[in-house]
file model_24.txt (compact mmCIF, C-alpha atoms)
# COMPACT_ATOMS: atom_id res chain seq x y z
CA GLU L 22 -11.43 -9.82 -10.31
CA PRO L 23 -9.41 -11.83 -7.78
CA GLU L 24 -8.87 -10.12 -4.46
CA VAL L 25 -6.94 -10.35 -1.23
CA THR L 26 -9.22 -10.91 1.74
CA GLN L 27 -8.47 -10.10 5.35
CA THR L 28 -10.21 -11.07 8.56
CA PRO L 29 -11.35 -9.69 10.88
CA SER L 30 -12.10 -6.20 9.58
CA HIS L 31 -11.80 -4.78 13.09
CA GLN L 32 -10.23 -6.28 16.21
CA VAL L 33 -10.12 -4.81 19.67
CA THR L 34 -7.68 -6.35 22.11
CA GLN L 35 -6.29 -5.62 25.55
CA MET L 36 -2.70 -4.54 25.92
CA GLY L 37 -0.43 -7.54 26.43
CA GLN L 38 -2.70 -9.96 24.59
CA GLU L 39 -1.71 -11.90 21.49
CA VAL L 40 -3.52 -11.26 18.22
CA ILE L 41 -3.49 -13.08 14.90
CA LEU L 42 -4.46 -11.20 11.78
CA ARG L 43 -5.46 -13.36 8.86
CA CYS L 44 -5.13 -12.93 5.13
CA VAL L 45 -6.00 -15.02 2.10
CA PRO L 46 -3.77 -13.86 -0.76
CA ILE L 47 -4.65 -14.23 -4.43
CA SER L 48 -4.30 -17.91 -5.19
CA ASN L 49 -1.51 -17.97 -7.77
CA HIS L 50 0.60 -15.28 -6.11
CA LEU L 51 4.00 -16.10 -4.68
CA TYR L 52 4.98 -13.01 -2.70
CA PHE L 53 3.18 -11.87 0.41
CA TYR L 54 3.47 -8.74 2.49
CA TRP L 55 2.22 -7.04 5.61
CA TYR L 56 2.04 -3.27 5.92
CA ARG L 57 0.59 -1.07 8.60
CA GLN L 58 -0.85 2.43 8.67
CA ILE L 59 -1.09 4.25 11.96
CA LEU L 60 -4.02 6.67 11.81
CA GLY L 61 -3.11 9.72 9.73
CA GLN L 62 0.36 8.46 8.90
CA LYS L 63 2.16 6.77 6.01
CA VAL L 64 1.70 3.19 5.00
CA GLU L 65 4.76 1.41 6.41
CA PHE L 66 6.30 -1.85 5.27
CA LEU L 67 6.54 -4.59 7.90
CA VAL L 68 7.59 -7.81 6.22
CA SER L 69 7.70 -9.72 2.94
CA PHE L 70 7.47 -13.48 2.59
CA TYR L 71 8.45 -15.75 -0.26
CA ASN L 72 9.04 -19.47 -0.57
CA ASN L 73 7.94 -20.06 3.02
CA GLU L 74 10.38 -17.68 4.57
CA ILE L 75 10.80 -14.01 5.37
CA SER L 76 12.63 -12.31 2.52
CA GLU L 77 12.75 -8.82 3.97
CA LYS L 78 11.63 -7.07 7.13
CA SER L 79 11.67 -3.53 8.44
CA GLU L 80 12.91 -2.25 11.77
CA ILE L 81 9.28 -2.19 12.95
CA PHE L 82 9.07 -5.98 12.62
CA ASP L 83 10.75 -6.90 15.90
CA ASP L 84 10.58 -10.07 17.97
CA GLN L 85 6.97 -9.53 18.98
CA PHE L 86 5.89 -10.03 15.35
CA SER L 87 5.83 -13.25 13.39
CA VAL L 88 4.33 -14.42 10.11
CA GLU L 89 3.23 -17.80 8.95
CA ARG L 90 1.67 -19.51 5.97
CA PRO L 91 0.16 -22.43 7.85
CA ASP L 92 -1.80 -24.21 5.15
CA GLY L 93 -0.83 -22.96 1.69
CA SER L 94 -3.70 -20.49 1.46
CA ASN L 95 -3.71 -18.36 4.60
CA PHE L 96 -1.00 -15.87 5.52
CA THR L 97 -1.03 -14.70 9.13
CA LEU L 98 0.57 -11.95 11.16
CA LYS L 99 0.91 -12.64 14.88
CA ILE L 100 1.62 -9.94 17.42
CA ARG L 101 2.74 -11.68 20.56
CA SER L 102 2.13 -9.08 23.26
CA THR L 103 0.28 -6.08 21.93
CA LYS L 104 1.15 -2.53 22.93
CA LEU L 105 -0.97 0.58 22.64
CA GLU L 106 1.24 1.80 19.80
CA ASP L 107 0.40 -1.30 17.76
CA SER L 108 -3.02 0.23 17.12
CA ALA L 109 -3.17 0.69 13.37
CA MET L 110 -4.69 -0.54 10.15
CA TYR L 111 -2.82 -3.63 9.00
CA PHE L 112 -2.81 -4.40 5.30
CA CYS L 113 -1.92 -7.68 3.68
CA ALA L 114 -0.77 -7.68 0.06
CA SER L 115 0.26 -10.26 -2.48
CA SER L 116 1.97 -10.14 -5.84
CA GLY L 117 3.01 -12.55 -8.50
CA GLY L 118 3.22 -13.09 -12.21
CA GLY L 119 5.29 -11.06 -14.59
CA LEU L 120 4.19 -7.59 -13.59
CA ARG L 121 4.77 -7.81 -9.86
CA LYS L 122 1.78 -5.62 -9.07
CA ALA L 123 0.88 -5.80 -5.43
CA PHE L 124 -2.79 -6.17 -4.57
CA PHE L 125 -3.90 -5.11 -1.12
CA GLY L 126 -6.62 -6.39 1.11
CA GLN L 127 -9.17 -4.14 2.77
CA GLY L 128 -7.20 -4.11 5.98
CA THR L 129 -7.75 -5.07 9.60
CA ARG L 130 -8.15 -2.22 12.03
CA LEU L 131 -6.45 -3.24 15.27
CA THR L 132 -7.30 -1.27 18.37
CA VAL L 133 -5.27 -1.98 21.51
CA VAL L 134 -6.87 -0.74 24.71
CA GLY F 29 16.59 4.63 2.27
CA GLU F 30 13.98 5.77 -0.18
CA ASP F 31 12.18 9.03 0.52
CA VAL F 32 8.87 9.66 -1.22
CA GLU F 33 7.10 12.99 -0.82
CA GLN F 34 3.64 14.20 -1.74
CA SER F 35 1.72 17.36 -1.05
CA LEU F 36 -0.92 16.77 1.62
CA PHE F 37 -4.03 18.27 0.11
CA LEU F 38 -5.60 19.17 -3.22
CA SER F 39 -9.01 20.70 -3.81
CA VAL F 40 -10.61 20.88 -7.26
CA ARG F 41 -14.05 21.53 -8.70
CA GLU F 42 -16.06 18.74 -10.27
CA GLY F 43 -15.28 18.48 -13.97
CA ASP F 44 -11.81 20.00 -13.65
CA SER F 45 -8.58 18.04 -14.00
CA SER F 46 -6.62 17.06 -10.90
CA VAL F 47 -2.87 16.67 -10.85
CA ILE F 48 -1.30 14.89 -7.91
CA ASN F 49 2.47 15.05 -7.64
CA CYS F 50 5.09 12.81 -6.09
CA THR F 51 8.86 13.21 -5.80
CA TYR F 52 11.32 10.54 -4.80
CA THR F 53 15.01 10.17 -4.10
CA ASP F 54 16.00 6.65 -5.19
CA SER F 55 16.19 6.26 -8.95
CA SER F 56 16.57 2.49 -8.83
CA SER F 57 12.83 1.84 -8.53
CA THR F 58 11.52 -0.16 -11.48
CA TYR F 59 7.79 0.08 -10.80
CA LEU F 60 5.93 3.21 -9.75
CA TYR F 61 2.34 2.93 -8.59
CA TRP F 62 -0.67 5.00 -7.69
CA TYR F 63 -3.05 3.71 -5.05
CA LYS F 64 -6.39 5.15 -3.96
CA GLN F 65 -7.73 4.91 -0.42
CA GLU F 66 -11.32 5.85 0.28
CA PRO F 67 -12.38 6.59 3.88
CA GLY F 68 -12.20 3.47 6.03
CA ALA F 69 -11.24 1.30 3.08
CA GLY F 70 -8.16 -0.48 1.82
CA LEU F 71 -5.66 0.44 -0.84
CA GLN F 72 -6.91 0.13 -4.38
CA LEU F 73 -4.31 -0.15 -7.12
CA LEU F 74 -5.23 2.49 -9.72
CA THR F 75 -2.40 2.30 -12.19
CA TYR F 76 1.32 1.82 -12.46
CA ILE F 77 4.19 2.69 -14.78
CA PHE F 78 7.46 0.99 -15.52
CA SER F 79 10.57 3.08 -14.99
CA ASN F 80 11.46 2.85 -18.70
CA MET F 81 8.25 4.66 -19.66
CA ASP F 82 7.53 8.39 -19.67
CA MET F 83 3.78 8.31 -19.84
CA LYS F 84 0.88 5.94 -19.46
CA GLN F 85 -2.77 6.67 -20.11
CA ASP F 86 -5.61 4.60 -18.73
CA GLN F 87 -9.06 6.07 -19.40
CA ARG F 88 -9.30 9.21 -17.25
CA LEU F 89 -5.92 8.62 -15.66
CA THR F 90 -2.59 9.82 -17.06
CA VAL F 91 0.68 9.03 -15.34
CA LEU F 92 3.76 11.07 -16.19
CA LEU F 93 7.25 10.09 -15.11
CA ASN F 94 10.21 12.46 -15.26
CA LYS F 95 13.17 10.32 -14.31
CA LYS F 96 15.65 13.17 -14.53
CA ASP F 97 13.74 15.19 -11.93
CA LYS F 98 12.54 12.06 -10.05
CA HIS F 99 8.99 13.28 -10.36
CA LEU F 100 5.83 11.24 -10.83
CA SER F 101 2.38 12.69 -11.39
CA LEU F 102 -1.16 11.43 -11.70
CA ARG F 103 -3.64 13.43 -13.72
CA ILE F 104 -7.33 12.69 -13.33
CA ALA F 105 -9.42 14.16 -16.15
CA ASP F 106 -13.01 15.28 -15.55
CA THR F 107 -12.71 14.78 -11.79
CA GLN F 108 -15.88 13.50 -10.11
CA THR F 109 -17.02 13.63 -6.48
CA GLY F 110 -16.41 9.88 -6.34
CA ASP F 111 -12.72 10.57 -6.92
CA SER F 112 -12.48 12.19 -3.47
CA ALA F 113 -9.98 10.03 -1.57
CA ILE F 114 -6.37 9.85 -0.49
CA TYR F 115 -3.95 9.04 -3.29
CA PHE F 116 -0.64 7.37 -2.55
CA CYS F 117 2.30 7.02 -4.85
CA ALA F 118 4.45 3.99 -4.15
CA LEU F 119 7.77 2.83 -5.51
CA GLY F 120 8.91 -0.74 -5.82
CA PRO F 121 11.90 -2.61 -7.05
CA GLY F 122 9.83 -5.39 -8.53
CA ARG F 123 8.76 -8.08 -6.09
CA ARG F 124 10.26 -6.43 -3.04
CA ALA F 125 8.53 -4.08 -0.67
CA LEU F 126 6.82 -0.88 -1.68
CA THR F 127 7.76 2.50 -0.26
CA PHE F 128 4.75 4.77 0.05
CA GLY F 129 4.44 8.51 -0.02
CA SER F 130 2.51 10.27 2.71
CA GLY F 131 -0.62 10.51 0.57
CA THR F 132 -2.49 13.42 -1.00
CA ARG F 133 -6.05 14.04 0.08
CA LEU F 134 -8.11 15.01 -2.96
CA GLN F 135 -11.29 16.92 -2.24
CA VAL F 136 -13.70 17.41 -5.14
CA GLN F 137 -16.12 20.29 -4.74
CA PRO F 138 -19.49 19.89 -6.49

call {"tool": "encode", "arguments": {"input": "model_24.txt", "output": "structure tokens"}}
result
Amino acid sequence: EPEVTQTPSHQVTQMGQEVILRCVPISNHLYFYWYRQILGQKVEFLVSFYNNEISEKSEIFDDQFSVERPDGSNFTLKIRSTKLEDSAMYFCASSGGGLRKAFFGQGTRLTVV
Amino acid sequence: GEDVEQSLFLSVREGDSSVINCTYTDSSSTYLYWYKQEPGAGLQLLTYIFSNMDMKQDQRLTVLLNKKDKHLSLRIADTQTGDSAIYFCALGPGRRALTFGSGTRLQVQP
């Protein structure tokens, strides 16, 4: 079964550093998403991306966040200057086709120290 | 915005049925999903139902949707220890973002 893959599985970074989280969506999907889950809390929507532009973003997705689809296969989330409260599991998802089911990757656990 | 609520915890014995409930406020959602999250793992899509359906069965899983009461449930028949996980309901208006519930931790006692 096709799957969404995310790298790395775990990243530790110092506060103030930039991080890039990478995702390879399912190849024929057209819609891409980032979500995050702070430990013990709900899964929260960050941003959706379609046709090479952001289609929707939440209030969490402020100026320190950006997304990019640099080469037609990868989908990245950049956090410009990480804060302690950015520590969370970040999930990438993609959807496409008639049913619009979203498939999630295994997540990247980001730890900001 | 959308509010999606789930009870936090459910404990059942192996072999029993589990019923996980979800209530929501926005009736405009067209797709309603159940995801499973095992410890340290990602979100696995279990099943989904369209808003114009009342019930969907998929092997051991039965999804019931009561649109009038804005209530969604997931029944797992013959629950096994491998079913122990957190179960999230999620609502989506098609290709747009999903709104997740807080998750129900299912504990299966042997």

call {"tool": "residues_near_point", "arguments": {"input": "model_24.txt", "point": "(-3.8, -6.1, 3.4)", "cutoff": "12 Å", "atoms": "all atoms listed in the file", "output": "ChimeraX atom specification"}}
result
/L:24-30,42-47,53-58,64-68,96-98,110-116,123-130 /F:69-72

call {"tool": "closest_residue", "arguments": {"input": "model_24.txt", "among": "F:Ile77, F:Leu119, F:Val32, F:Leu93", "to": "F:Tyr52", "atoms": "only C-alpha atoms"}}
result
F:Val32

call {"tool": "closest_atom_pairs", "arguments": {"input": "model_24.txt", "of": "chain F", "to": "chain L", "cutoff": "10 Å", "atoms": "all atoms listed in the file", "output": "tab-separated table"}}
result
residue	atom	partner	partner_atom	distance
F:Tyr59	CA	L:Lys122	CA	8.5
F:Leu60	CA	L:Lys122	CA	9.8
F:Tyr61	CA	L:Lys122	CA	8.6
F:Tyr63	CA	L:Phe125	CA	9.7
F:Gln65	CA	L:Gln127	CA	9.7
F:Gly68	CA	L:Gln127	CA	8.8
F:Ala69	CA	L:Gln127	CA	5.8
F:Gly70	CA	L:Gln127	CA	3.9
F:Leu71	CA	L:Phe125	CA	5.8
F:Gln72	CA	L:Phe125	CA	6.9
F:Leu73	CA	L:Phe124	CA	6.7
F:Thr75	CA	L:Lys122	CA	9.5
F:Tyr76	CA	L:Lys122	CA	8.2
F:Phe78	CA	L:Leu120	CA	9.4
F:Phe116	CA	L:Val64	CA	8.9
F:Ala118	CA	L:Val64	CA	9.6
F:Gly120	CA	L:Arg121	CA	9.1
F:Pro121	CA	L:Arg121	CA	9.3
F:Gly122	CA	L:Arg121	CA	5.8
F:Arg123	CA	L:Arg121	CA	5.5
F:Arg124	CA	L:Ser69	CA	7.3
F:Ala125	CA	L:Phe66	CA	6.7
F:Leu126	CA	L:Phe66	CA	7.0
F:Thr127	CA	L:Phe66	CA	7.2
F:Phe128	CA	L:Val64	CA	6.0
F:Gly129	CA	L:Lys63	CA	6.7
F:Ser130	CA	L:Lys63	CA	4.8
F:Gly131	CA	L:Lys63	CA	7.2

call {"tool": "atom_distance", "arguments": {"input": "model_24.txt", "atom1": "atom CA of L:Lys99", "atom2": "atom CA of F:Leu74"}}
result
29.5 Å

call {"tool": "atom_distance", "arguments": {"input": "model_24.txt", "atom1": "atom CA of F:Asn49", "atom2": "atom CA of F:Tyr115"}}
result
9.8 Å

call {"tool": "atom_distance", "arguments": {"input": "model_24.txt", "atom1": "atom CA of F:Cys50", "atom2": "atom CA of L:Glu80"}}
result
24.6 Å

call {"tool": "residues_near_point", "arguments": {"input": "model_24.txt", "point": "(15.8, 4.1, -2.3)", "cutoff": "8 Å", "atoms": "all atoms listed in the file", "output": "CSV table (one decimal) with C-alpha atoms, in the coordinates of the input"}}
result
chain,number,residue,atom,x,y,z
F,29,GLY,CA,16.6,4.6,2.3
F,30,GLU,CA,14.0,5.8,-0.2
F,31,ASP,CA,12.2,9.0,0.5
F,53,THR,CA,15.0,10.2,-4.1
F,54,ASP,CA,16.0,6.6,-5.2
F,55,SER,CA,16.2,6.3,-9.0
F,56,SER,CA,16.6,2.5,-8.8
F,57,SER,CA,12.8,1.8,-8.5

call {"tool": "residues_around", "arguments": {"input": "model_24.txt", "residues": "stretch 38-43 of chain F", "least_positions_apart": "3", "cutoff": "7 Å", "atoms": "all atoms listed in the file", "output": "list in words"}}
result
Ser46, Asp106, Thr107, Gln108, Thr109, Thr132, Arg133, Leu134, Gln135, Val136, Gln137 and Pro138 of chain F

call {"tool": "closest_residue", "arguments": {"input": "model_24.txt", "among": "L:Phe86, L:Leu105, L:Ser94, L:Leu60", "to": "L:Asn73", "atoms": "only C-alpha atoms"}}
result
L:Ser94

call {"tool": "closest_residue", "arguments": {"input": "model_24.txt", "among": "L:Val134, L:Ile100, L:Ile75, L:Ala109", "to": "L:Gln35", "atoms": "only C-alpha atoms"}}
result
L:Val134

call {"tool": "axis_aligned_box", "arguments": {"input": "model_24.txt", "around": "stretch 126-133 of chain L", "padding_each_side": "4 Å", "output": "lines of an AutoDock Vina configuration file"}}
result
center_x = -7.2
center_y = -3.8
center_z = 11.3
size_x = 11.9
size_y = 13.1
size_z = 28.4
